[in-house]
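Have a look at target-v7.txt below; it lists compact mmCIF, C-alpha atoms.
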# COMPACT_ATOMS: atom_id res chain seq x y z
CA MET A 1 5.08 -20.72 9.33
CA THR A 2 4.10 -22.47 6.06
CA ALA A 3 2.70 -19.99 3.58
CA MET A 4 -1.00 -20.38 2.84
CA THR A 5 -1.62 -21.66 -0.68
CA PRO A 6 -3.16 -19.05 -2.95
CA VAL A 7 -6.82 -19.43 -3.80
CA TYR A 8 -7.34 -20.27 -7.46
CA TYR A 9 -10.35 -19.63 -9.61
CA THR A 10 -11.01 -21.07 -13.00
CA LEU A 11 -11.87 -18.34 -15.48
CA ASP A 12 -15.47 -19.58 -15.47
CA GLN A 13 -15.64 -19.39 -11.68
CA ALA A 14 -14.25 -15.86 -11.68
CA HIS A 15 -16.78 -14.74 -14.29
CA ALA A 16 -19.60 -16.49 -12.40
CA ARG A 17 -18.71 -14.76 -9.14
CA ARG A 18 -18.42 -11.42 -10.93
CA ASN A 19 -21.88 -11.90 -12.40
CA GLU A 20 -23.21 -12.91 -9.00
CA ILE A 21 -21.89 -9.72 -7.44
CA LEU A 22 -23.36 -7.63 -10.24
CA SER A 23 -26.74 -9.31 -9.76
CA ILE A 24 -26.62 -8.27 -6.08
CA VAL A 25 -25.53 -4.66 -6.54
CA GLY A 26 -27.80 -3.68 -9.41
CA ASP A 27 -26.72 -1.35 -12.18
CA GLU A 28 -22.98 -1.88 -12.76
CA ALA A 29 -22.16 1.66 -13.88
CA THR A 30 -24.05 3.25 -11.00
CA PHE A 31 -22.43 0.90 -8.48
CA LYS A 32 -18.94 1.61 -9.78
CA GLU A 33 -19.59 5.37 -9.80
CA ARG A 34 -20.75 5.22 -6.19
CA GLY A 35 -17.68 3.16 -5.32
CA ALA A 36 -15.39 5.70 -6.98
CA ARG A 37 -17.12 8.46 -4.95
CA TYR A 38 -16.84 6.49 -1.68
CA GLU A 39 -20.61 6.31 -1.20
CA LEU A 40 -20.89 2.62 -0.29
CA ASP A 41 -21.87 1.04 3.00
CA ALA A 42 -19.71 -1.64 4.57
CA GLN A 43 -21.29 -4.59 2.77
CA GLN A 44 -21.33 -2.80 -0.57
CA LEU A 45 -17.69 -1.77 -0.14
CA ALA A 46 -16.67 -5.38 0.49
CA LEU A 47 -18.46 -6.41 -2.73
CA TYR A 48 -16.89 -3.48 -4.59
CA ASN A 49 -13.41 -4.53 -3.48
CA GLU A 50 -14.08 -8.14 -4.47
CA LEU A 51 -15.40 -7.01 -7.86
CA THR A 52 -12.29 -4.90 -8.41
CA ASP A 53 -10.08 -7.87 -7.54
CA LEU A 54 -11.94 -10.21 -9.90
CA GLU A 55 -11.80 -7.77 -12.79
CA PHE A 56 -8.06 -7.33 -12.29
CA LEU A 57 -7.51 -11.09 -12.27
CA ILE A 58 -9.72 -11.67 -15.30
CA GLY A 59 -7.96 -8.85 -17.06
CA ASP A 60 -11.10 -6.92 -17.92
CA MET B 1 10.85 -24.01 -10.76
CA THR B 2 8.36 -22.67 -13.28
CA GLU B 3 7.73 -18.97 -13.40
CA PHE B 4 4.16 -19.47 -12.19
CA SER B 5 5.04 -21.64 -9.19
CA SER B 6 7.73 -19.12 -8.16
CA LEU B 7 5.18 -16.29 -8.37
CA GLU B 8 2.72 -18.44 -6.46
CA ARG B 9 5.25 -18.91 -3.68
CA GLN B 10 6.08 -15.20 -3.59
CA ALA B 11 2.39 -14.25 -3.50
CA ALA B 12 1.70 -16.73 -0.69
CA GLU B 13 4.68 -15.49 1.31
CA PHE B 14 3.64 -11.87 0.76
CA ALA B 15 0.14 -12.67 2.03
CA ASP B 16 1.62 -14.35 5.09
CA GLU B 17 3.90 -11.42 5.85
CA LEU B 18 0.96 -9.01 5.65
CA THR B 19 -1.07 -11.26 7.93
CA ASP B 20 1.74 -11.37 10.49
CA THR B 21 2.08 -7.59 10.34
CA VAL B 22 -1.59 -6.76 10.86
CA LYS B 23 -2.12 -9.45 13.49
CA ALA B 24 0.66 -7.88 15.55
CA VAL B 25 -1.64 -4.84 15.91
CA SER B 26 -5.07 -6.46 15.51
CA PRO B 27 -4.79 -10.11 16.61
CA ASN B 28 -8.32 -11.15 15.64
CA CYS B 29 -8.49 -9.75 12.12
CA SER B 30 -8.98 -11.99 9.08
CA PRO B 31 -5.85 -13.09 7.23
CA PHE B 32 -4.53 -11.89 3.89
CA VAL B 33 -4.95 -14.35 1.06
CA ALA B 34 -3.42 -14.40 -2.39
CA LYS B 35 -5.85 -15.14 -5.23
CA ALA B 36 -5.30 -15.87 -8.89
CA ILE B 37 -6.88 -17.34 -11.98
CA GLN B 38 -5.46 -20.80 -12.80
CA ASP B 39 -2.48 -20.44 -15.14
CA GLY B 40 -2.69 -16.67 -14.94
CA SER B 41 0.14 -14.30 -14.04
CA ARG B 42 -1.84 -11.88 -11.91
CA PHE B 43 -2.41 -12.14 -8.19
CA THR B 44 -4.42 -10.11 -5.76
CA VAL B 45 -3.37 -10.07 -2.12
CA SER B 46 -6.01 -8.77 0.22
CA GLN B 47 -7.77 -9.50 3.45
CA THR B 48 -10.32 -12.28 3.19
CA PRO B 49 -13.09 -11.79 4.13
CA SER B 50 -12.74 -8.15 3.18
CA GLU B 51 -14.14 -6.63 6.35
CA GLY B 52 -11.35 -4.27 7.28
CA ILE B 53 -8.77 -4.46 10.02
CA PRO B 54 -10.17 -3.08 13.28
CA LEU B 55 -7.90 -0.78 15.29
CA ASN B 56 -9.08 -0.50 18.85
CA VAL B 57 -8.72 1.93 21.71
CA ASP B 58 -9.58 0.41 25.09
CA GLU B 59 -10.85 -2.64 23.18
CA LYS B 60 -13.41 -0.62 21.22
CA PRO B 61 -12.91 -0.10 17.46
CA LEU B 62 -11.91 3.48 16.69
CA LEU B 63 -10.61 3.00 13.16
CA SER B 64 -10.79 0.40 10.42
CA MET B 65 -8.12 -0.15 7.78
CA THR B 66 -8.26 -1.93 4.43
CA ALA B 67 -5.22 -2.93 2.39
CA GLY B 68 -5.15 -4.46 -1.08
CA TYR B 69 -2.39 -5.28 -3.52
CA TRP B 70 -2.75 -6.07 -7.21
CA CYS B 71 0.32 -7.91 -8.49
CA THR B 72 1.81 -9.22 -11.66
CA VAL B 73 5.27 -10.28 -12.79
CA ASP B 74 8.11 -7.76 -12.98
CA ARG B 75 10.00 -6.80 -16.14
CA ALA B 76 12.63 -9.46 -15.48
CA LYS B 77 9.77 -12.01 -15.32
CA ARG B 78 11.15 -13.35 -12.04
CA PHE B 79 9.56 -11.46 -9.21
CA LEU B 80 6.10 -10.51 -8.11
CA ALA B 81 5.61 -6.79 -8.77
CA VAL B 82 2.88 -4.63 -7.31
CA GLU B 83 0.86 -2.97 -10.06
CA ARG B 84 -1.28 -1.10 -7.61
CA SER B 85 -1.77 -0.95 -3.87
CA ASP B 86 -4.29 0.86 -1.74
CA ILE B 87 -4.19 1.22 2.03
CA ALA B 88 -7.15 3.17 3.41
CA VAL B 89 -8.06 4.20 6.95
CA TYR B 90 -11.71 4.72 7.88
CA PRO B 91 -13.34 6.16 10.99
CA GLY B 92 -15.39 3.68 12.99
CA ALA B 93 -15.64 -0.07 13.35
CA LYS B 94 -16.20 -0.94 9.68
CA ALA B 95 -14.71 0.30 6.43
CA ARG B 96 -17.50 2.24 4.72
CA GLY B 97 -18.15 5.54 3.02
CA GLU B 98 -15.20 7.89 2.69
CA PRO B 99 -11.85 7.06 4.28
CA LEU B 100 -9.93 9.57 6.36
CA PHE B 101 -6.89 9.13 4.16
CA ARG B 102 -5.29 6.52 1.95
CA TYR B 103 -1.91 5.58 0.59
CA GLU B 104 -1.97 4.56 -3.03
CA TYR B 105 0.71 3.21 -5.35
CA LEU B 106 0.27 3.02 -9.12
CA ARG B 107 3.02 1.35 -11.12
CA GLU B 108 1.81 2.97 -14.33
CA ALA B 109 0.96 6.38 -12.88
CA ARG B 110 0.67 9.11 -15.51
CA ASP B 111 -0.45 12.48 -14.13
CA VAL B 112 0.09 11.74 -10.44
CA PRO B 113 3.08 10.56 -8.39
CA ALA B 114 3.45 6.76 -8.42
CA ALA B 115 3.25 6.68 -4.61
CA HIS B 116 1.02 9.26 -2.96
CA ILE B 117 -1.26 10.04 -0.06
CA GLN B 118 -4.80 11.27 -0.54
CA VAL B 119 -6.47 12.93 2.41
CA HIS B 120 -10.22 12.54 2.23
CA GLY B 121 -11.26 13.12 5.80
CA HIS B 122 -13.55 15.94 6.56
CA ARG B 123 -12.32 17.98 9.47
CA ASP B 124 -15.20 16.83 11.68
CA ALA B 125 -14.62 13.13 10.98
CA LEU B 126 -10.92 13.48 11.76
CA SER B 127 -11.48 15.60 14.85
CA HIS B 128 -13.98 13.02 16.08
CA VAL B 129 -11.50 10.14 15.99
CA LEU B 130 -8.56 12.25 17.16
CA SER B 131 -10.55 13.32 20.22
CA ARG B 132 -10.97 9.64 21.08
CA SER B 133 -7.29 8.74 20.88
CA GLY B 134 -6.01 6.21 23.38
CA THR B 135 -3.40 7.01 25.98
CA SER B 136 -1.05 4.08 25.35
CA THR B 137 1.36 6.25 23.33
CA ASN B 138 3.00 9.63 24.02
CA ARG B 139 1.16 11.45 21.26
CA GLY B 140 -2.16 9.84 22.15
CA LYS B 141 -1.65 10.70 25.82
CA ARG B 142 -0.73 14.31 24.99
CA ARG B 143 -3.83 14.68 22.84
CA ALA B 144 -6.05 13.21 25.54
CA THR B 145 -4.90 15.81 28.07
CA VAL B 146 -5.36 18.88 25.87
CA ASP B 147 -8.69 20.70 25.74
CA ASP B 148 -8.32 22.17 22.24
CA ILE B 149 -10.27 20.69 19.32
CA PRO B 150 -7.90 18.32 17.53
CA ARG B 151 -6.79 19.41 14.06
CA MET B 152 -5.79 17.59 10.89
CA SER B 153 -2.41 19.31 11.05
CA GLU B 154 -1.62 17.21 14.15
CA LEU B 155 -1.38 14.04 12.06
CA HIS B 156 2.10 13.09 10.87
CA LEU B 157 1.76 10.85 7.81
CA PRO B 158 4.85 8.75 6.98
CA VAL B 159 6.44 9.29 3.56
CA GLY B 160 9.38 6.94 3.25
CA GLY B 161 11.69 7.53 6.20
CA HIS B 162 15.28 8.75 5.97
CA ARG B 163 16.20 7.30 2.60
CA PHE B 164 13.03 7.27 0.53
CA ARG B 165 11.45 10.58 1.47
CA PRO B 166 10.14 12.89 -1.24
CA CYS B 167 12.50 15.52 -2.58
CA LEU B 168 11.81 19.16 -3.35
CA GLU B 169 11.36 18.28 -7.02
CA ASP B 170 8.56 15.84 -6.11
CA ILE B 171 6.65 18.55 -4.28
CA LEU B 172 7.20 21.15 -6.98
CA GLU B 173 6.07 18.81 -9.72
CA MET B 174 2.99 17.89 -7.71
CA LEU B 175 2.14 21.59 -7.40
CA LEU B 176 2.66 22.13 -11.12
CA ASP B 177 0.33 19.24 -11.93
CA GLU B 178 -2.36 19.89 -9.35
CA PHE B 179 -2.53 23.68 -9.58
CA GLY B 180 -1.50 24.37 -13.16
CA ILE B 181 1.39 26.56 -12.01
CA ASP B 182 3.10 28.71 -14.67
CA GLY B 183 6.11 27.27 -16.44
CA ALA B 184 5.11 23.62 -16.00
CA ALA B 185 6.28 22.46 -19.42
CA GLU B 186 9.59 24.35 -19.30
CA SER B 187 10.58 23.21 -15.86
CA ARG B 188 9.91 19.48 -16.02
CA ALA B 189 13.31 18.49 -17.42
CA THR B 190 15.08 20.37 -14.61
CA LEU B 191 12.82 18.78 -11.99
CA GLN B 192 13.35 15.30 -13.38
CA SER B 193 17.11 15.85 -13.46
CA GLY B 194 17.08 17.00 -9.83
CA ARG B 195 14.94 14.03 -8.81
CA LYS B 196 17.35 11.63 -10.47
CA ARG B 197 20.29 13.25 -8.65
CA TRP B 198 18.46 12.93 -5.33
CA ARG B 199 17.49 9.31 -5.86
CA MET B 200 21.02 8.31 -6.88
CA THR B 201 22.39 9.97 -3.74
CA GLN B 202 19.78 8.22 -1.62
CA THR B 203 20.41 4.89 -3.33
CA ALA B 204 24.08 5.18 -2.37
CA SER B 205 23.03 5.91 1.23
CA ALA B 206 20.60 2.98 1.19
CA VAL B 207 23.40 0.71 -0.03
CA ARG B 208 25.54 1.82 2.91
CA ASP B 209 22.61 1.01 5.22
CA ASP B 210 22.25 -2.52 3.81
CA PRO B 211 25.34 -3.62 1.88
CA ASP B 212 24.35 -7.32 2.03
CA SER B 213 21.23 -6.67 -0.07
CA ALA B 214 23.23 -4.55 -2.49
CA VAL B 215 25.87 -7.27 -2.92
CA SER B 216 23.18 -9.92 -3.42
CA VAL B 217 21.40 -7.95 -6.14
CA LEU B 218 24.62 -6.95 -7.90
CA LYS B 219 25.72 -10.59 -8.01
CA GLU B 220 22.35 -11.55 -9.52
CA LEU B 221 22.97 -8.90 -12.15
CA GLY B 222 26.26 -10.53 -13.05
CA TYR B 223 28.78 -8.60 -11.02
CA HIS B 224 31.66 -10.35 -9.31
CA ILE B 225 32.08 -8.82 -5.87
CA GLU B 226 34.62 -9.59 -3.21
CA LEU B 227 35.56 -7.91 -0.01
CA ALA B 228 39.13 -6.52 -0.06
CA ASP B 229 41.71 -8.53 1.87
CA GLY B 230 41.71 -7.72 5.54
CA GLU B 231 38.42 -5.87 5.39
CA GLU B 232 35.41 -6.86 7.46
CA ALA B 233 31.97 -6.88 5.90
CA PRO B 234 30.29 -3.65 6.95
CA PRO B 235 27.28 -4.16 9.19
CA THR B 236 23.74 -3.20 8.27
CA ASN B 237 22.54 0.07 9.74
CA GLU B 238 19.68 -1.38 11.75
CA SER B 239 18.52 1.94 13.10
CA ARG B 240 18.12 3.43 9.60
CA LEU B 241 16.41 0.29 8.30
CA THR B 242 13.89 0.21 11.13
CA ALA B 243 13.37 3.96 11.69
CA ARG B 244 10.06 5.47 10.55

Rewrite the structure of this file - the entire thing - as structure tokens.
Amino acid sequence: MTAMTPVYYTLDQAHARRNEILSIVGDEATFKERGARYELDAQQLALYNELTDLEFLIGD
Amino acid sequence: MTEFSSLERQAAEFADELTDTVKAVSPNCSPFVAKAIQDGSRFTVSQTPSEGIPLNVDEKPLLSMTAGYWCTVDRAKRFLAVERSDIAVYPGAKARGEPLFRYEYLREARDVPAAHIQVHGHRDALSHVLSRSGTSTNRGKRRATVDDIPRMSELHLPVGGHRFRPCLEDILEMLLDEFGIDGAAESRATLQSGRKRWRMTQTASAVRDDPDSAVSVLKELGYHIELADGEEAPPTNESRLTAR
């Protein structure tokens, strides 16, 4: 099977998506604390995981 | 091939391998996708969309699993290396709240073992899913026929199989770190020495299990290796390589 091509973001796109997530979830510190304490519902957890991925890629 | 395009290929292949693995158990789950910033050297490999991998009993979701890998380039600047990985198992149809347990790997671990299991599950949450085990396996069938309340101690969590299992020194050092046991500072050198001895012994055993891989890596490192005249190349030990 041919490997799927990775998905690439520009740095601007990655930052824009990060900001979009943060605008959805509210206070960043509170959201990350709740994520670290495993207090998120399914939708929030998906956003938390995506946020974690973006911040790793951006290098924040 | 540039370093980046080689990493890109490795990340894409890794994502495909993970997809093949999970689809063998959960055919309808979303695939794994590698993601990166253009011209960057970091990749994430995770399920997209990130909804969890449903694990069904009698076609109804009993558990949900998430798996994510955060990768960069290794020290030789040739291979994709996992900086961190997290595989978590949740009760119910969707990954939410607290998992039952998770396997984590941290390449730059400081105060914890690089590879470790963390058990989160409250007894009730675990008992609930254990009591709903399917009967398609021996252990599931046995559990389904017993009247006792299932216990956490019934779960057997894998820790590396025959060759890569933890050693006594791993467990002792974990206890020192987690419980502040007396003599922690004085004993670390002895524990590290014992761990090294164990891993070297196990590496030798792993080489005997898979001599082809060992020869391939040693040649990459600059060794010249030939089989002695009249000798046959030893076979791989399939049973050890595939055993849990």

Can you write out as a tab-separated table which residues of chain B fall within 8 Å of chain A, alongside each residue's closest atom pair and its distance in Å to one decimal, counting only C-alpha atoms and ordering rows by chain and ascending residue number?
residue	atom	partner	partner_atom	distance
B:Glu8	CA	A:Pro6	CA	6.9
B:Arg9	CA	A:Ala3	CA	7.8
B:Ala11	CA	A:Pro6	CA	7.4
B:Ala12	CA	A:Ala3	CA	5.5
B:Glu13	CA	A:Ala3	CA	5.4
B:Ala15	CA	A:Met4	CA	7.8
B:Asp16	CA	A:Ala3	CA	5.9
B:Val33	CA	A:Pro6	CA	6.4
B:Ala34	CA	A:Pro6	CA	4.7
B:Lys35	CA	A:Val7	CA	4.6
B:Ala36	CA	A:Tyr8	CA	5.1
B:Ile37	CA	A:Tyr9	CA	4.8
B:Gln38	CA	A:Thr10	CA	5.6
B:Gly40	CA	A:Leu57	CA	7.8
B:Arg42	CA	A:Leu57	CA	5.7
B:Phe43	CA	A:Leu57	CA	6.6
B:Thr44	CA	A:Asp53	CA	6.3
B:Ser50	CA	A:Ala46	CA	5.5
B:Glu51	CA	A:Ala46	CA	6.5
B:Trp70	CA	A:Phe56	CA	7.5
B:Lys94	CA	A:Ala42	CA	6.2
B:Ala95	CA	A:Ala42	CA	5.7
B:Arg96	CA	A:Ala42	CA	4.5
B:Gly97	CA	A:Glu39	CA	4.9
B:Glu98	CA	A:Tyr38	CA	4.9
B:Pro99	CA	A:Tyr38	CA	7.8

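Distance-wise, atom CA of Glu59 of chain B and atom CA of Gln47 of chain B end up 21.1 Å apart.
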
Could you check how far atom CA of Phe101 of chain B sits from atom CA of Gln192 of chain B, in Å to one decimal? 27.5 Å

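A distance cut-off of 12 Å around (5.7, 16.2, -6.0), counting all atoms listed in the file, selects these protein and nucleic acid residues: Asp111, Val112, Pro113, Ala114, Ala115, His116, Ile117, Val159, Arg165, Pro166, Cys167, Leu168, Glu169, Asp170, Ile171, Leu172, Glu173, Met174, Leu175, Leu176, Asp177, Glu178, Phe179, Arg188, Leu191, Gln192 and Arg195 of chain B.
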
Answer as a PyMOL selection string, residues within 10 Å of (18.9, 12.6, -5.3) using all atoms listed in the file: chain B and resi 163-164+166-169+193-204

Just C-alpha atoms for this one: save the residues we selected as a PDB file, keeping the file's coordinate frame.
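The new file result-v1.pdb reads:
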ATOM      1  CA  ARG B 163      16.200   7.300   2.600  1.00  0.00           C
ATOM      2  CA  PHE B 164      13.030   7.270   0.530  1.00  0.00           C
ATOM      3  CA  PRO B 166      10.140  12.890  -1.240  1.00  0.00           C
ATOM      4  CA  CYS B 167      12.500  15.520  -2.580  1.00  0.00           C
ATOM      5  CA  LEU B 168      11.810  19.160  -3.350  1.00  0.00           C
ATOM      6  CA  GLU B 169      11.360  18.280  -7.020  1.00  0.00           C
ATOM      7  CA  SER B 193      17.110  15.850 -13.460  1.00  0.00           C
ATOM      8  CA  GLY B 194      17.080  17.000  -9.830  1.00  0.00           C
ATOM      9  CA  ARG B 195      14.940  14.030  -8.810  1.00  0.00           C
ATOM     10  CA  LYS B 196      17.350  11.630 -10.470  1.00  0.00           C
ATOM     11  CA  ARG B 197      20.290  13.250  -8.650  1.00  0.00           C
ATOM     12  CA  TRP B 198      18.460  12.930  -5.330  1.00  0.00           C
ATOM     13  CA  ARG B 199      17.490   9.310  -5.860  1.00  0.00           C
ATOM     14  CA  MET B 200      21.020   8.310  -6.880  1.00  0.00           C
ATOM     15  CA  THR B 201      22.390   9.970  -3.740  1.00  0.00           C
ATOM     16  CA  GLN B 202      19.780   8.220  -1.620  1.00  0.00           C
ATOM     17  CA  THR B 203      20.410   4.890  -3.330  1.00  0.00           C
ATOM     18  CA  ALA B 204      24.080   5.180  -2.370  1.00  0.00           C
TER      19      ALA B 204
END

One decimal, in Å: what's the spacing between atom CA of Phe32 of chain B and atom CA of Ile24 of chain A? 24.5 Å

List every residue of segment 63-137 of chain B that has an atom at most 9 Å from any atom of segment 141-144 of chain B, giving for each one its closest atom pair and the distance in Å to one decimal, counting only C-alpha atoms, sorted by chain and then by ascending residue number, as a Markdown table.
| residue | atom | partner | partner_atom | distance |
| --- | --- | --- | --- | --- |
| B:Leu130 | CA | B:Arg143 | CA | 7.8 |
| B:Ser131 | CA | B:Ala144 | CA | 7.0 |
| B:Arg132 | CA | B:Ala144 | CA | 7.5 |
| B:Ser133 | CA | B:Ala144 | CA | 6.6 |
| B:Gly134 | CA | B:Lys141 | CA | 6.7 |
| B:Thr135 | CA | B:Lys141 | CA | 4.1 |
| B:Ser136 | CA | B:Lys141 | CA | 6.7 |
| B:Thr137 | CA | B:Lys141 | CA | 5.9 |

To test the calculation: enclose all listed atoms of segment 202-219 of chain B in a box whose edges run along x, y and z, add 8 Å on each side, then state centre and edge lengths in Å to one decimal, as AutoDock Vina command-line options.
--center_x 22.8 --center_y -1.2 --center_z -1.4 --size_x 22.1 --size_y 34.8 --size_z 29.2

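Of the listed residues (B:His122, B:Leu241, B:His128, B:Glu154), B:His128 comes nearest to Leu62 of chain B; the distances count all atoms listed in the file.
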
Using only C-alpha atoms for the distances, tell me which of B:Ala125, B:Tyr103, B:Ser85, B:Ala109 is nearest to Leu157 of chain B. B:Tyr103
